[in-house]
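As structure tokens, the structure follows; a few thoughts come after it.
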Amino acid sequence: MNHSDLIIAIDKLVDIELSAMDSHRKMAPLERIKLLEEAHLNKPNARNAAVMMLLYPKNGATHLALIKRNSYPGVHSSQIAFPGGKVEKYDANLEQTALRETHEEIGVAPDFITVLRSFTTVYIPPSNYLVHPFLGVSTSDISFTLQEDEVAGIIETPLQMILDDSIVTTQSIETSYAKQMNIPAFQIYEHTVWGATAMMLSELKDMLKLVL
């Protein structure tokens, strides 16, 4: 399926009920599943952030933009993520946060992105953030300009790779809250995608499979 046909197909997602925790559980570390279920959207003191799951054409095929965060003293250092960040007081709404942060981090202006819908919010216990994902699409080729103090690199991921079940693995990693733990993850090229990003990616994958 070329990118133009995909854009037509995924318009159906606007009216479909999200898979939510059914998708998130697939990629959540066992130690966090109960916490996620109990805390889901019930954290009045949590900070809010928004991210963009951006689909765009490259060489005729649909790709998804992922970023590698820079190394820094923090719980999300060097992790693979979607472009996005915390809500600022001047943002009109969460969608605007996602668009603004995408522009700042990878240089794609809001005019190039059509936001189709929001996806299920994910709570991240180590950083106390509620992350609100949005699905956006671009119909034209785009170029990236990285915010070097935040983003170490961009991973242009073919959508067909995301839909391939063979990239789902279990890996042992060290986290901010456990020395070693086995976690479900997506293996995308040499990159391990786990945690909140993997949970959001799992819902995106499941929803896309309903319409493609």
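Chain labels run A, B, ... following the order of the structure tokens; each chain numbers its residues from 1, and ligands are numbered from 1 in the order shown.
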query: Among stretch 49-194 of chain A, which ones does DSSP place in strand (DSSP E or B), written as JSON, numbers by chain?
result: {"A": [49, 50, 51, 52, 53, 54, 55, 56, 57, 58, 61, 62, 63, 64, 65, 66, 67, 68, 69, 80, 81, 84, 85, 86, 114, 115, 116, 117, 118, 122, 123, 124, 129, 130, 131, 132, 133, 134, 135, 136, 137, 151, 152, 153, 154, 155, 156, 157, 158, 168, 169, 170, 171, 172, 173, 181, 182, 183, 184, 185, 186, 187, 188, 191, 192, 193]}
Which of stretch 43-163 of chain A DSSP labels helix (DSSP H, G or I), written as a list in words: Leu94, Glu95, Gln96, Thr97, Ala98, Leu99, Arg100, Glu101, Thr102, His103, Glu104, Glu105, Ile106, Pro110, Asp111, Phe112, Leu159, Gln160, Met161 and Ile162 of chain A
task: Mind checking which residues fall within 8 Å of A:Thr145, counting only C-alpha atoms, ignoring those fewer than 5 positions away in the same chain, and posting them as a VMD selection string?
output: chain A and resid 105 to 108
Closest contacts (stretch 51-151 of chain A/stretch 20-23 of chain A, max 9 Å, only C-alpha atoms) as a Markdown table:
```
| residue | atom | partner | partner_atom | distance |
| --- | --- | --- | --- | --- |
| A:Phe119 | CA | A:Ala20 | CA | 7.9 |
| A:Thr120 | CA | A:Ala20 | CA | 5.5 |
| A:Thr121 | CA | A:Ala20 | CA | 8.3 |
```
For stretch 159-167 of chain A: contacts at 10 Å, only C-alpha atoms, fewer than 3 positions along chain excluded, given as a VMD selection string: chain A and resid 1 3 55 to 57 61 to 65 156 170 185 to 189 192 201 to 202 204 to 206 208 to 209
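With distances taken over only C-alpha atoms, A:Leu116 is the one residue among A:Leu99, A:Pro126, A:Ser140, A:Leu116 lying closest to A:Leu13.
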- prompt: Taking only C-alpha atoms into account, which of A:Pro133, A:Val151, A:Ala98, A:Arg117 comes nearest A:Lys12?
  reply: A:Arg117
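Put simply, atom CA of A:Leu18 is 15.8 Å away from atom CA of A:Gly136.
Between atom CA of A:Val168 and atom CA of A:Ala196 the separation is 14.8 Å.
The space between atom CA of A:Ala50 and atom CA of A:Ser172 spans 27.9 Å.
The shortest atom-to-atom distance to A:Ser71, with only C-alpha atoms taken into account, belongs to A:Ala152 out of A:Ala152, A:Val87, A:Leu30, A:Met52.
Distance check against A:Asn48 using only C-alpha atoms: of A:Ile67, A:Val14, A:Val122, A:Met27, the minimum falls on A:Val122.
Using only C-alpha atoms for every distance, the candidate list A:Arg25, A:Ile8, A:Asp111, A:Glu17 yields A:Arg25 as the residue closest to A:Ile183.
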